[in-house]
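Peer 1: Data file input-v2.csv (CSV, C-alpha atoms) is appended below.
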```csv
chain,number,residue,atom,x,y,z
A,1,MET,CA,181.6,111.4,75.6
A,2,HIS,CA,185.3,111.8,76.1
A,3,GLY,CA,188.1,110.7,73.8
A,4,ASP,CA,188.4,110.6,70.1
A,5,PRO,CA,184.9,110.0,68.5
A,6,SER,CA,186.6,107.9,65.8
A,7,THR,CA,187.1,105.3,68.6
A,8,MET,CA,183.3,104.8,68.8
A,9,GLU,CA,183.2,102.0,66.4
A,10,TRP,CA,180.0,100.1,65.5
A,11,ASP,CA,181.5,96.8,66.7
A,12,HIS,CA,182.1,98.3,70.1
A,13,LEU,CA,178.6,99.6,70.4
A,14,ARG,CA,177.2,96.3,69.1
A,15,THR,CA,179.2,94.4,71.7
A,16,PHE,CA,178.0,96.6,74.5
A,17,GLU,CA,174.4,96.1,73.5
A,18,ALA,CA,174.8,92.3,73.4
A,19,VAL,CA,176.4,92.3,76.8
A,20,ALA,CA,173.6,94.4,78.2
A,21,ARG,CA,171.0,92.2,76.6
A,22,LEU,CA,172.6,88.8,77.6
A,23,GLY,CA,174.1,89.7,80.9
A,24,SER,CA,177.7,88.4,80.3
A,25,VAL,CA,180.7,88.9,78.1
A,26,THR,CA,180.9,85.2,77.3
A,27,ALA,CA,177.3,85.0,76.1
A,28,ALA,CA,177.7,88.2,74.0
A,29,ALA,CA,180.9,86.9,72.4
A,30,LYS,CA,179.2,83.7,71.5
A,31,ALA,CA,176.1,85.4,70.0
A,32,LEU,CA,178.3,87.8,68.0
A,33,GLY,CA,180.7,85.1,66.8
A,34,VAL,CA,183.9,86.7,68.3
A,35,SER,CA,186.3,85.6,71.0
A,36,GLN,CA,185.7,86.6,74.6
A,37,SER,CA,189.0,88.6,74.6
A,38,THR,CA,187.7,90.6,71.6
A,39,ALA,CA,184.4,91.4,73.3
A,40,SER,CA,186.2,92.5,76.5
A,41,ARG,CA,188.5,94.7,74.4
A,42,HIS,CA,185.5,96.3,72.7
A,43,LEU,CA,184.0,97.1,76.1
A,44,ALA,CA,187.2,98.5,77.5
A,45,ARG,CA,187.6,100.8,74.5
A,46,LEU,CA,184.0,102.0,74.6
A,47,GLU,CA,184.3,102.8,78.4
A,48,GLU,CA,187.5,104.6,77.7
A,49,SER,CA,185.8,106.7,75.1
A,50,ALA,CA,182.8,107.3,77.5
A,51,GLY,CA,185.1,108.3,80.3
A,52,SER,CA,183.3,106.2,82.9
A,53,PRO,CA,182.2,102.6,83.6
A,54,LEU,CA,179.2,101.5,81.6
A,55,LEU,CA,178.8,98.1,83.4
A,56,MET,CA,178.9,97.0,87.0
A,57,ARG,CA,181.0,93.8,87.1
A,58,SER,CA,178.4,91.7,88.9
A,59,THR,CA,176.8,88.4,88.0
A,60,PRO,CA,174.9,88.9,85.8
A,61,LEU,CA,176.4,92.1,84.6
A,62,ALA,CA,174.3,95.2,85.2
A,63,LEU,CA,174.3,98.7,83.7
A,64,THR,CA,175.6,101.7,85.5
A,65,GLU,CA,173.4,104.8,85.3
A,66,ARG,CA,175.8,106.0,82.6
A,67,GLY,CA,175.5,102.7,80.8
A,68,ALA,CA,171.7,102.8,80.8
A,69,SER,CA,171.7,106.3,79.3
A,70,VAL,CA,174.2,105.3,76.6
A,71,LEU,CA,172.2,102.2,75.7
A,72,ALA,CA,169.0,104.3,75.5
A,73,ALA,CA,170.8,106.8,73.2
A,74,MET,CA,172.0,103.9,71.1
A,75,ARG,CA,168.6,102.4,70.4
A,76,PRO,CA,167.7,104.5,67.3
A,77,MET,CA,171.1,103.9,65.8
A,78,LEU,CA,170.9,100.2,66.4
A,79,ASP,CA,167.5,100.0,64.8
A,80,ALA,CA,168.7,102.1,61.8
A,81,ALA,CA,171.7,99.8,61.4
A,82,ARG,CA,169.6,96.7,61.5
A,83,ALA,CA,167.2,98.2,59.0
A,84,ALA,CA,170.1,99.0,56.7
A,85,GLU,CA,171.5,95.5,57.0
A,86,ALA,CA,168.0,94.1,56.2
A,87,ALA,CA,167.7,96.3,53.1
A,88,LEU,CA,171.1,95.2,51.8
A,89,GLU,CA,170.0,91.6,52.3
A,90,ASP,CA,166.6,92.0,50.7
A,91,THR,CA,167.2,90.5,47.3
A,92,PRO,CA,164.8,88.7,45.0
A,93,GLU,CA,166.6,85.4,45.6
A,94,LEU,CA,166.8,85.1,49.4
A,95,ARG,CA,169.7,83.0,50.6
A,96,GLY,CA,171.2,81.8,53.8
A,97,GLU,CA,170.0,79.8,56.8
A,98,VAL,CA,167.1,80.4,59.2
A,99,THR,CA,166.8,78.3,62.4
A,100,VAL,CA,163.3,77.5,63.7
A,101,THR,CA,162.8,75.9,67.1
A,102,SER,CA,159.7,74.3,68.5
A,103,THR,CA,158.5,71.1,70.2
A,104,SER,CA,159.2,67.9,68.4
A,105,GLU,CA,155.5,67.3,67.8
A,106,ILE,CA,155.0,70.7,66.0
A,107,VAL,CA,158.1,70.1,63.9
A,108,ARG,CA,156.9,66.7,62.8
A,109,TRP,CA,153.2,67.3,62.4
A,110,GLU,CA,153.0,70.9,61.3
A,111,LEU,CA,156.4,72.0,59.7
A,112,VAL,CA,157.8,68.9,57.9
A,113,PRO,CA,154.6,68.3,55.8
A,114,ARG,CA,154.9,71.9,54.5
A,115,LEU,CA,158.6,71.9,53.7
A,116,ALA,CA,158.0,71.2,50.0
A,117,GLN,CA,155.8,74.3,49.7
A,118,PHE,CA,158.5,76.3,51.4
A,119,HIS,CA,161.3,75.3,49.1
A,120,VAL,CA,159.2,76.0,46.0
A,121,ALA,CA,158.7,79.6,47.3
A,122,TYR,CA,162.3,80.0,48.6
A,123,PRO,CA,164.6,77.5,46.8
A,124,HIS,CA,167.8,79.1,48.0
A,125,LEU,CA,166.8,79.4,51.7
A,126,ARG,CA,167.9,76.6,54.1
A,127,LEU,CA,165.8,75.8,57.1
A,128,ARG,CA,167.4,74.4,60.3
A,129,LEU,CA,164.6,72.9,62.5
A,130,LEU,CA,165.4,72.3,66.1
A,131,ALA,CA,162.9,69.9,67.8
A,132,ASP,CA,163.2,70.3,71.6
A,133,ASN,CA,160.9,70.7,74.5
A,134,ARG,CA,163.3,73.2,76.1
A,135,VAL,CA,163.0,76.9,75.1
A,136,ALA,CA,165.9,78.0,72.9
A,137,SER,CA,167.2,81.5,73.5
A,138,LEU,CA,166.3,83.9,70.7
A,139,ALA,CA,168.3,86.7,72.5
A,140,ALA,CA,171.5,84.6,72.5
A,141,GLY,CA,171.1,83.7,68.8
A,142,ASP,CA,170.3,79.9,69.4
A,143,ALA,CA,167.4,80.3,66.9
A,144,ASP,CA,165.9,83.0,64.6
A,145,VAL,CA,162.3,82.0,65.0
A,146,ALA,CA,160.5,80.0,67.8
A,147,LEU,CA,157.1,78.5,68.0
A,148,ARG,CA,156.2,78.7,71.7
A,149,MET,CA,153.1,77.7,73.7
A,150,VAL,CA,153.6,80.6,76.1
A,151,ARG,CA,153.5,84.2,75.0
A,152,PRO,CA,156.7,85.9,76.0
A,153,SER,CA,156.4,88.9,78.2
A,154,ARG,CA,159.8,90.5,77.5
A,155,GLY,CA,159.7,93.6,75.4
A,156,GLU,CA,162.6,92.4,73.1
A,157,LEU,CA,160.6,89.5,71.8
A,158,ILE,CA,157.8,90.0,69.3
A,159,ALA,CA,155.0,87.5,69.3
A,160,ARG,CA,152.2,86.7,66.8
A,161,ARG,CA,149.5,84.1,67.5
A,162,TRP,CA,149.9,81.1,65.2
A,163,ARG,CA,147.5,78.4,66.3
A,164,THR,CA,144.9,77.7,69.0
A,165,ILE,CA,145.0,74.1,70.2
A,166,THR,CA,142.0,72.4,71.7
A,167,TYR,CA,142.1,69.1,73.6
A,168,GLY,CA,139.8,66.2,74.4
A,169,TYR,CA,139.9,62.7,75.9
A,170,PHE,CA,140.8,60.1,73.3
A,171,ALA,CA,140.9,56.3,73.2
A,172,SER,CA,141.2,53.4,70.8
A,173,ARG,CA,138.0,51.9,69.5
A,174,ARG,CA,139.4,48.6,70.9
A,175,LEU,CA,139.7,49.8,74.4
A,176,GLU,CA,136.8,48.9,76.8
A,177,LEU,CA,135.5,52.0,78.3
A,178,HIS,CA,134.4,52.0,81.9
A,179,ALA,CA,134.7,54.1,85.1
A,180,ARG,CA,138.1,52.7,85.9
A,181,ALA,CA,139.6,52.8,82.4
A,182,PRO,CA,143.4,53.1,82.5
A,183,TRP,CA,144.8,56.5,81.6
A,184,LEU,CA,148.1,57.6,80.1
A,185,GLY,CA,150.0,60.8,80.7
A,186,LEU,CA,153.2,62.9,80.3
A,187,ALA,CA,156.4,62.9,82.4
A,188,GLY,CA,159.7,64.7,82.6
A,189,SER,CA,159.8,68.2,81.1
A,190,LEU,CA,156.1,67.8,80.1
A,191,ALA,CA,154.9,66.8,83.6
A,192,THR,CA,153.8,70.3,84.5
A,193,ILE,CA,152.1,71.4,81.3
A,194,PRO,CA,148.3,72.3,81.7
A,195,GLU,CA,147.0,69.2,80.0
A,196,GLN,CA,149.0,66.8,82.3
A,197,ARG,CA,147.9,68.8,85.4
A,198,HIS,CA,144.3,68.5,84.2
A,199,ALA,CA,144.7,64.8,83.7
A,200,VAL,CA,146.0,64.3,87.2
A,201,ARG,CA,143.0,66.1,88.6
A,202,ALA,CA,140.5,64.3,86.3
A,203,PHE,CA,141.8,60.8,87.1
A,204,ALA,CA,142.4,61.5,90.8
A,205,GLY,CA,142.7,58.2,92.7
A,206,ARG,CA,143.9,56.3,89.6
A,207,ALA,CA,147.6,55.8,89.0
A,208,PRO,CA,148.5,56.2,85.3
A,209,ARG,CA,149.3,53.1,83.4
A,210,LEU,CA,152.1,54.8,81.4
A,211,LEU,CA,153.9,58.2,81.5
A,212,VAL,CA,156.1,59.3,78.5
A,213,GLU,CA,158.0,62.5,77.7
A,214,ASP,CA,156.7,62.9,74.1
A,215,VAL,CA,153.1,63.7,72.9
A,216,GLU,CA,153.5,61.6,69.8
A,217,ALA,CA,154.6,58.6,71.9
A,218,LEU,CA,151.5,59.2,74.1
A,219,ALA,CA,149.3,59.3,71.0
A,220,LEU,CA,150.8,56.0,69.7
A,221,ALA,CA,150.2,54.4,73.1
A,222,VAL,CA,146.5,55.5,72.9
A,223,ALA,CA,146.3,54.0,69.3
A,224,ALA,CA,147.8,50.7,70.6
A,225,GLY,CA,144.8,50.5,73.1
A,226,LEU,CA,146.8,51.0,76.3
A,227,GLY,CA,144.5,53.6,77.7
A,228,VAL,CA,142.8,57.0,77.6
A,229,ALA,CA,144.8,60.2,77.3
A,230,ILE,CA,144.2,63.9,76.7
A,231,LEU,CA,145.4,64.8,73.2
A,232,PRO,CA,145.2,67.7,70.8
A,233,ARG,CA,142.1,67.4,68.7
A,234,ALA,CA,144.1,68.2,65.5
A,235,LEU,CA,146.2,65.0,66.1
A,236,ALA,CA,143.3,62.5,66.3
A,237,PRO,CA,142.8,62.3,62.4
A,238,ARG,CA,146.4,61.1,62.1
A,239,LEU,CA,145.7,58.1,64.4
A,240,VAL,CA,144.1,54.8,63.3
A,241,ASP,CA,140.9,53.8,65.1
A,242,VAL,CA,141.2,56.5,67.8
A,243,VAL,CA,138.1,58.5,68.8
A,244,GLU,CA,137.2,61.2,71.2
A,245,VAL,CA,135.3,59.9,74.2
A,246,SER,CA,133.1,61.7,76.7
A,247,PRO,CA,134.3,62.1,80.3
A,248,ARG,CA,131.3,60.1,81.5
A,249,GLU,CA,132.4,57.1,79.6
A,250,ILE,CA,135.8,56.9,81.4
A,251,GLY,CA,134.7,57.8,84.9
A,252,VAL,CA,135.7,61.4,84.9
A,253,GLU,CA,133.4,63.8,86.7
A,254,ARG,CA,132.3,66.7,84.6
A,255,GLY,CA,134.2,69.8,85.7
A,256,ALA,CA,136.2,72.5,84.1
A,257,SER,CA,136.9,72.0,80.4
A,258,ILE,CA,140.4,71.3,79.2
A,259,ARG,CA,142.1,74.6,78.6
A,260,THR,CA,142.9,75.6,75.0
A,261,ARG,CA,146.5,76.7,74.4
A,262,ASP,CA,147.8,79.3,71.9
A,263,VAL,CA,151.0,78.7,69.9
A,264,TRP,CA,153.0,81.9,69.1
A,265,ILE,CA,155.4,82.8,66.4
A,266,VAL,CA,158.2,84.6,68.3
A,267,VAL,CA,161.2,86.5,66.9
A,268,HIS,CA,163.7,88.7,68.6
A,269,ARG,CA,163.3,92.4,67.9
A,270,SER,CA,166.7,92.6,66.4
A,271,ARG,CA,165.8,89.9,63.8
A,272,GLN,CA,162.3,90.7,62.8
A,273,ARG,CA,163.2,92.8,59.8
A,274,VAL,CA,165.8,90.5,58.4
A,275,PRO,CA,164.3,89.4,55.0
A,276,ARG,CA,165.0,85.7,55.3
A,277,VAL,CA,163.6,85.6,58.8
A,278,ARG,CA,160.6,87.6,57.7
A,279,ALA,CA,160.0,85.2,54.8
A,280,VAL,CA,160.0,82.3,57.2
A,281,THR,CA,157.5,83.9,59.6
A,282,ARG,CA,155.2,84.8,56.7
A,283,TRP,CA,155.4,81.2,55.5
A,284,LEU,CA,154.5,79.9,59.0
A,285,ALA,CA,151.6,82.3,59.1
A,286,GLY,CA,150.3,81.0,55.8
A,287,GLU,CA,151.1,84.2,53.9
A,288,THR,CA,152.8,84.4,50.5
A,289,ALA,CA,155.7,86.8,50.3
A,290,ARG,CA,155.6,86.7,46.5
```
Show me this structure written as structure tokens.
Peer 2:
Amino acid sequence: MHGDPSTMEWDHLRTFEAVARLGSVTAAAKALGVSQSTASRHLARLEESAGSPLLMRSTPLALTERGASVLAAMRPMLDAARAAEAALEDTPELRGEVTVTSTSEIVRWELVPRLAQFHVAYPHLRLRLLADNRVASLAAGDADVALRMVRPSRGELIARRWRTITYGYFASRRLELHARAPWLGLAGSLATIPEQRHAVRAFAGRAPRLLVEDVEALALAVAAGLGVAILPRALAPRLVDVVEVSPREIGVERGASIRTRDVWIVVHRSRQRVPRVRAVTRWLAGETAR
């Protein structure tokens, strides 16, 4: 490195790491809670101290060879700093806010019923639950913890299996079952999930009676007797007079079984040791931190 070592401030390094991770100065500034001009100034001073460019000004931004080596050298320091921050925060009375994101169905069916238990264990922690079918970015700081139905492949995201969901064909007891029974399915952002693709194949030649972009709405339509649908087996006990039916009863040829799906607790590597985040992941996993 060139220049005065005192200019190598932690904020400059943290900004560089965020830009390298997120691919833009704008996204890094947002994640760090600083202005874009401040983030740009941090980068300029760091590159001045390094004596050469660390980033290629492309879209998205890319590391130069020098930048890649600097980032690799920074990793142990970043991990140590995060561990120190976590240790300072690790008090008997955890405080602050943790954002958890998942699908609206998991938030309503799995998380909300357990909130009273959470607040008994952690009375000073505040949960912020985001119910959305879109995937919030953990890297950008949109959420601290995500419950996802696809295991992430990126090395910066740490995943732990939470649930395995099994599926079946369900109908109201009031619905007359026959080979041309009407079927219901999913639309919009859920149109391509494995259960909907399976339903399209299973009911080939029959147009759906109803398509909705919400699994709970689909379940309520089944309970209302509108038709047959593929639903999570864990959901059926919550519905009145809804039963699992065999493929033969609804004109579906026996073929491949409906795939199970795993749900994963996912945290970003930079957040996994933060005590309040760790407390939430342990609560989700059914563990007691105290």
Peer 1: For stretch 164-167 of chain A, please output as a PyMOL selection string all residues within 8 Å (counting all atoms listed in the file; exclusion window: fewer than 6 positions along the same chain).
Peer 2: chain A and resi 230-234+258-263
Peer 1: Nearest to A:Arg21: which of A:Leu61, A:Ser35, A:Met77, A:Trp283 is it, counting all atoms listed in the file?
Peer 2: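 Of all the options, A:Leu61 lies closest to A:Arg21.
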Peer 1: Take atom CA of A:Ala131 and atom CA of A:Gly227 and report the distance between them in Å, one decimal.
Peer 2: 26.5 Å
Peer 1: Atom CA of A:Ser58 and atom CA of A:His42, how far apart in Å?
Peer 2: 18.3 Å
Peer 1: Quote the spacing between atom CA of A:Ala187 and atom CA of A:Glu213 in Å to one decimal place.
Peer 2: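 Spanning atom CA of A:Ala187 to atom CA of A:Glu213 is a straight-line distance of 5.0 Å.
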Peer 1: Could you pull out every residue with an atom within 8 Å of (182.6, 90.1, 77.7), file coordinates, counting only C-alpha atoms, and send them as number ranges by chain?
Peer 2: A: 19, 24-29, 36-40, 43
Peer 1: Could those residues be written to a file, using C-alpha atoms, as a PDB file, keeping the file's coordinate frame?
Peer 2:
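Generated file (out.pdb):
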```pdb
ATOM      1  CA  VAL A  19     176.400  92.300  76.800  1.00  0.00           C
ATOM      2  CA  SER A  24     177.700  88.400  80.300  1.00  0.00           C
ATOM      3  CA  VAL A  25     180.700  88.900  78.100  1.00  0.00           C
ATOM      4  CA  THR A  26     180.900  85.200  77.300  1.00  0.00           C
ATOM      5  CA  ALA A  27     177.300  85.000  76.100  1.00  0.00           C
ATOM      6  CA  ALA A  28     177.700  88.200  74.000  1.00  0.00           C
ATOM      7  CA  ALA A  29     180.900  86.900  72.400  1.00  0.00           C
ATOM      8  CA  GLN A  36     185.700  86.600  74.600  1.00  0.00           C
ATOM      9  CA  SER A  37     189.000  88.600  74.600  1.00  0.00           C
ATOM     10  CA  THR A  38     187.700  90.600  71.600  1.00  0.00           C
ATOM     11  CA  ALA A  39     184.400  91.400  73.300  1.00  0.00           C
ATOM     12  CA  SER A  40     186.200  92.500  76.500  1.00  0.00           C
ATOM     13  CA  LEU A  43     184.000  97.100  76.100  1.00  0.00           C
TER      14      LEU A  43
END
```
Peer 1: Mind checking which residues fall within 7 Å of A:His12, counting all atoms listed in the file, ignoring those fewer than 3 positions away in the same chain, and posting them as a list of chain:residue names?
Peer 2: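 Here the qualifying residues turn out to be A:Met8, A:Glu9, A:Thr15, A:Phe16, A:His42, A:Leu43, A:Leu46.
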Peer 1: Got a sec: who's within 9 Å of stretch 148-158 of chain A, counting all atoms listed in the file, leaving out chain neighbours fewer than 6 positions off, as a VMD selection string?
Peer 2: chain A and resid 101 to 103 135 138 to 139 261 to 270 272
Peer 1: What are the centre and the three edge lengths of an axis-aligned box that wraps all atoms of stretch 168-178 of chain A in the file, given that 3 Å is added to every side, written as AutoDock Vina command-line options and rounded to one decimal in Å?
Peer 2:
```
--center_x 137.8 --center_y 57.4 --center_z 75.7 --size_x 12.8 --size_y 23.6 --size_z 18.4
```
Peer 1: Neighbouring residues of A:Ala143 were defined as those with any atom within 6 Å, considering all atoms listed in the file; residues of the same chain fewer than 2 positions away were excluded. Please report them as a list in words.
Peer 2: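 What passes the distance filter is Thr99, Val100, Leu138, Gly141 and Val145 of chain A.
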Peer 1: Write the selection just made, keeping C-alpha atoms, as a PDB file, keeping the file's coordinate frame?
Peer 2:
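The resulting part-v2.pdb:
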```
ATOM      1  CA  THR A  99     166.800  78.300  62.400  1.00  0.00           C
ATOM      2  CA  VAL A 100     163.300  77.500  63.700  1.00  0.00           C
ATOM      3  CA  LEU A 138     166.300  83.900  70.700  1.00  0.00           C
ATOM      4  CA  GLY A 141     171.100  83.700  68.800  1.00  0.00           C
ATOM      5  CA  VAL A 145     162.300  82.000  65.000  1.00  0.00           C
TER       6      VAL A 145
END
```
Peer 1: Using all atoms listed in the file, which residues sit within 12 Å of A:Gly225 once same-chain residues fewer than 5 positions away are excluded, as a list in words?
Peer 2: Phe170, Ala171, Ser172, Arg173, Arg174, Leu175, Glu176, Leu177, Ala181, Pro182, Trp183, Leu184, Arg209, Leu210, Leu218, Ala219, Leu220, Leu239, Val240, Asp241, Val242 and Val243 of chain A
Peer 1: Write out the residues from the selection above, keeping C-alpha atoms, as a PDB file, keeping the file's coordinate frame.
Peer 2:
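In the end it all went to result-v8.pdb:
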```pdb
ATOM      1  CA  PHE A 170     140.800  60.100  73.300  1.00  0.00           C
ATOM      2  CA  ALA A 171     140.900  56.300  73.200  1.00  0.00           C
ATOM      3  CA  SER A 172     141.200  53.400  70.800  1.00  0.00           C
ATOM      4  CA  ARG A 173     138.000  51.900  69.500  1.00  0.00           C
ATOM      5  CA  ARG A 174     139.400  48.600  70.900  1.00  0.00           C
ATOM      6  CA  LEU A 175     139.700  49.800  74.400  1.00  0.00           C
ATOM      7  CA  GLU A 176     136.800  48.900  76.800  1.00  0.00           C
ATOM      8  CA  LEU A 177     135.500  52.000  78.300  1.00  0.00           C
ATOM      9  CA  ALA A 181     139.600  52.800  82.400  1.00  0.00           C
ATOM     10  CA  PRO A 182     143.400  53.100  82.500  1.00  0.00           C
ATOM     11  CA  TRP A 183     144.800  56.500  81.600  1.00  0.00           C
ATOM     12  CA  LEU A 184     148.100  57.600  80.100  1.00  0.00           C
ATOM     13  CA  ARG A 209     149.300  53.100  83.400  1.00  0.00           C
ATOM     14  CA  LEU A 210     152.100  54.800  81.400  1.00  0.00           C
ATOM     15  CA  LEU A 218     151.500  59.200  74.100  1.00  0.00           C
ATOM     16  CA  ALA A 219     149.300  59.300  71.000  1.00  0.00           C
ATOM     17  CA  LEU A 220     150.800  56.000  69.700  1.00  0.00           C
ATOM     18  CA  LEU A 239     145.700  58.100  64.400  1.00  0.00           C
ATOM     19  CA  VAL A 240     144.100  54.800  63.300  1.00  0.00           C
ATOM     20  CA  ASP A 241     140.900  53.800  65.100  1.00  0.00           C
ATOM     21  CA  VAL A 242     141.200  56.500  67.800  1.00  0.00           C
ATOM     22  CA  VAL A 243     138.100  58.500  68.800  1.00  0.00           C
TER      23      VAL A 243
END
```
Peer 1: Can you work out which one of A:Val252, A:Val107, A:Pro275, A:Arg95 has the shortest atom-to-atom distance to A:His119, counting all atoms listed in the file?
Peer 2: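 Of A:Val252, A:Val107, A:Pro275, A:Arg95, the one nearest A:His119 is A:Arg95, counting all atoms listed in the file.
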Peer 1: In terms of the shortest atom-to-atom distance over all atoms listed in the file, which of A:Asp132, A:Glu93, A:Glu105, A:Glu195 is closest to A:Val120?
Peer 2: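 Among A:Asp132, A:Glu93, A:Glu105, A:Glu195, it is A:Glu93 that comes nearest to A:Val120.
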Peer 1: Restricting the calculation to only C-alpha atoms: of A:Arg282, A:Arg14, A:Arg271, A:His178, which residue gets closest to A:Leu78?
Peer 2: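 So, comparing all the options, the nearest one is A:Arg14.
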Peer 1: Select all residues near (144.0, 60.5, 90.3) (cut-off 12 Å, inclusive, file coordinates), counting all atoms listed in the file, and output them as an MDAnalysis selection string.
Peer 2: chainID A and resid 180:185 196:209 251:253
